[in-house]
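Structure first, then comments.
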Amino acid sequence: MAKVCVFCGGTPLTKEHVLPRWLKVAFDPTVRRHRYVRLSVDTVRHHEAPPLNEQVKVVCSECNSGWMNQLEENVRRFLPDLIRGNPCDLDAGAQRALSAWSLKTMLMFQHTHPADVRGVIPADDFRTFHEVREPTRSMLGRIGFMNHPPDDSVPLVDTMCQGYATTETSGVAWISTLKIGCMVVQIVRAPDVAEGKRLAPFEVMPSLHPMWPTEELIQWPLPAAIPYEQMVDLGHPDGLSLTILPA
């Protein structure tokens, strides 16, 4: 358990809900318990529990009630529609807000794992996120669509984080994937991209659309659904192949 805030190093620490309690408006009120899965590297852990109850004590009160709370407010208008698969449009501002909120949520989910698993995302990435409060130019993000779980056989919430072997000179690389209801968000962290360079964006597909850096208007829901059976292939590709372009 962290002794100081994972973002700023401050104290005292407070409990942070990994998923905000106000998201209950996006969940079926007739379902009392939501099955969810936490998966990292080769570790799969199934939970028959409400995901909105998950808390971690790794952030200080100033971060928790300040900029982190603002990230929540920035997505509150449209996030329930994404989760339920209701029609909505994501302009550049909404894409930026969702990318930042998703990364924050992925970082919090990491601290629900044992120490040997959560190290996939290094401490420096937490500190950098505190400074810039959005994904960096060394990251790509995309949003995907899945049909809403028909029953409790498919997790309402699913998370994955896969690290990739790198050399001392190439730096850190990981992929984190977060599924809530119909919405799947993926952040790819590449080895540091130098000033004046950028990562080539993801290809636009019917079931997956690039979102970070921000793109043209995204109309939700996307025209095709990713089968849940492909969740592991999506979140744990065999390799990390990215192209760096001039800015």
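Chain lettering (A, B, ...) mirrors the order of the structure tokens, residue numbering begins at 1 for each chain separately, and ligand numbering begins at 1 in order of display.
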* For segment 82-97 of chain A: contacts at 9 Å, only C-alpha atoms, fewer than 5 positions along chain excluded, given as a VMD selection string -> chain A and resid 26 to 27 71 to 72 74 to 75 102 134 to 135 145 to 148 179 to 184 211 to 221
* Asked: Quick one: DSSP strand (DSSP E or B) residues in segment 48-186 of chain A, as a PyMOL selection string?
  -> chain A and resi 48+55-60+88-90+139-145+157-163+174-180+183-186
Per-residue nearest contacts of segment 72-181 of chain A to segment 41-50 of chain A (10 Å; only C-alpha atoms) as a Markdown table:
```
| residue | atom | partner | partner_atom | distance |
| --- | --- | --- | --- | --- |
| A:His113 | CA | A:Thr43 | CA | 9.5 |
| A:Val117 | CA | A:Val41 | CA | 7.5 |
| A:Arg118 | CA | A:Val41 | CA | 9.7 |
| A:Val120 | CA | A:Val41 | CA | 8.3 |
| A:Asp152 | CA | A:Glu48 | CA | 9.3 |
| A:Pro155 | CA | A:His46 | CA | 9.0 |
| A:Leu156 | CA | A:Pro50 | CA | 9.6 |
| A:Val157 | CA | A:Pro50 | CA | 9.5 |
| A:Asp158 | CA | A:His46 | CA | 9.5 |
| A:Thr159 | CA | A:Val44 | CA | 9.8 |
| A:Met160 | CA | A:Val41 | CA | 7.5 |
| A:Cys161 | CA | A:Val41 | CA | 6.4 |
| A:Gln162 | CA | A:Val41 | CA | 5.1 |
| A:Gly163 | CA | A:Val41 | CA | 7.0 |
| A:Tyr164 | CA | A:Val41 | CA | 9.6 |
```
Store the residues picked out above in a file with N, CA and C atoms, as a PDB file, in the first residue's frame.
```
ATOM      1  N   HIS A 113      -4.343  -4.383  -7.656  1.00  0.00           N
ATOM      2  CA  HIS A 113      -3.566  -5.608  -7.842  1.00  0.00           C
ATOM      3  C   HIS A 113      -2.444  -5.698  -6.806  1.00  0.00           C
ATOM      4  N   VAL A 117       2.204  -7.220  -9.650  1.00  0.00           N
ATOM      5  CA  VAL A 117       1.439  -7.053 -10.884  1.00  0.00           C
ATOM      6  C   VAL A 117       1.301  -5.585 -11.265  1.00  0.00           C
ATOM      7  N   ARG A 118       1.071  -4.731 -10.263  1.00  0.00           N
ATOM      8  CA  ARG A 118       0.802  -3.327 -10.575  1.00  0.00           C
ATOM      9  C   ARG A 118       2.017  -2.601 -11.136  1.00  0.00           C
ATOM     10  N   VAL A 120       3.515  -3.007 -13.737  1.00  0.00           N
ATOM     11  CA  VAL A 120       3.512  -2.888 -15.199  1.00  0.00           C
ATOM     12  C   VAL A 120       3.558  -1.416 -15.604  1.00  0.00           C
ATOM     13  N   ASP A 152     -25.074 -12.173 -16.664  1.00  0.00           N
ATOM     14  CA  ASP A 152     -23.891 -12.116 -15.808  1.00  0.00           C
ATOM     15  C   ASP A 152     -22.765 -13.038 -16.280  1.00  0.00           C
ATOM     16  N   PRO A 155     -18.649 -10.159 -18.095  1.00  0.00           N
ATOM     17  CA  PRO A 155     -18.409  -9.119 -17.102  1.00  0.00           C
ATOM     18  C   PRO A 155     -18.895  -7.748 -17.551  1.00  0.00           C
ATOM     19  N   LEU A 156     -19.515  -7.038 -16.645  1.00  0.00           N
ATOM     20  CA  LEU A 156     -19.893  -5.655 -16.936  1.00  0.00           C
ATOM     21  C   LEU A 156     -18.647  -4.784 -17.017  1.00  0.00           C
ATOM     22  N   VAL A 157     -17.689  -5.066 -16.127  1.00  0.00           N
ATOM     23  CA  VAL A 157     -16.428  -4.314 -16.084  1.00  0.00           C
ATOM     24  C   VAL A 157     -15.281  -5.292 -16.245  1.00  0.00           C
ATOM     25  N   ASP A 158     -14.333  -4.955 -17.084  1.00  0.00           N
ATOM     26  CA  ASP A 158     -13.172  -5.809 -17.324  1.00  0.00           C
ATOM     27  C   ASP A 158     -11.968  -4.905 -17.546  1.00  0.00           C
ATOM     28  N   THR A 159     -10.846  -5.234 -16.960  1.00  0.00           N
ATOM     29  CA  THR A 159      -9.628  -4.432 -17.133  1.00  0.00           C
ATOM     30  C   THR A 159      -8.449  -5.335 -17.435  1.00  0.00           C
ATOM     31  N   MET A 160      -7.543  -4.837 -18.245  1.00  0.00           N
ATOM     32  CA  MET A 160      -6.317  -5.559 -18.575  1.00  0.00           C
ATOM     33  C   MET A 160      -5.176  -4.558 -18.680  1.00  0.00           C
ATOM     34  N   CYS A 161      -3.986  -5.000 -18.305  1.00  0.00           N
ATOM     35  CA  CYS A 161      -2.801  -4.162 -18.505  1.00  0.00           C
ATOM     36  C   CYS A 161      -1.626  -5.066 -18.804  1.00  0.00           C
ATOM     37  N   GLN A 162      -1.063  -4.888 -19.992  1.00  0.00           N
ATOM     38  CA  GLN A 162       0.016  -5.746 -20.472  1.00  0.00           C
ATOM     39  C   GLN A 162       1.287  -4.942 -20.651  1.00  0.00           C
ATOM     40  N   GLY A 163       2.365  -5.380 -20.014  1.00  0.00           N
ATOM     41  CA  GLY A 163       3.656  -4.743 -20.206  1.00  0.00           C
ATOM     42  C   GLY A 163       4.443  -5.427 -21.306  1.00  0.00           C
ATOM     43  N   TYR A 164       5.366  -4.691 -21.920  1.00  0.00           N
ATOM     44  CA  TYR A 164       6.178  -5.239 -23.005  1.00  0.00           C
ATOM     45  C   TYR A 164       7.652  -5.039 -22.709  1.00  0.00           C
TER      46      TYR A 164
END
```
* **Residue among A:Arg189, A:Lys197, A:Arg76, A:Lys104 lying closest to Arg133 of chain A, counting only C-alpha atoms** => A:Lys104
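If you look at atom CA of Ile187 of chain A and atom CA of Pro149 of chain A, they are 22.4 Å away from each other.
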* **Atom-to-atom span, atom CA of Leu242 of chain A and atom CA of Met139 of chain A, Å** =>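 Here the two named atoms are 10.4 Å from each other.
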* To do: Can you check which residues of segment 7-237 of chain A DSSP gives as alpha helix (DSSP H) on the backbone and send them as a ChimeraX atom specification?
  => /A:61-65,67-75,79-84,92-110,115-118,123-132,231-235
* To do: May I ask which of the residues A:Leu222, A:Leu79, A:Ala115, A:Val18 is the closest one to Gln55 of chain A, counting only C-alpha atoms?
  =>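 Residue with the minimum atom-to-atom distance to Gln55 of chain A: A:Val18.
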* Select, from A:Pro51, A:Pro246, A:Pro237, A:Pro114, the residue with the minimum atom-to-atom distance to Gly196 of chain A, counting only C-alpha atoms. =>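 Going through A:Pro51, A:Pro246, A:Pro237, A:Pro114 one by one, the smallest distance to Gly196 of chain A is for A:Pro246.
For the set A:Phe109, A:Phe7, A:Phe78, A:Trp22, the residue with the smallest atom-to-atom gap to Asn64 of chain A is A:Phe7, counting only C-alpha atoms.
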* Asked: Which of these residues is nearest to Val25 of chain A, using only C-alpha atoms: A:Ala173, A:Leu52, A:Leu103, A:Leu39?
  ->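 Of all the options, A:Leu52 lies closest to Val25 of chain A.
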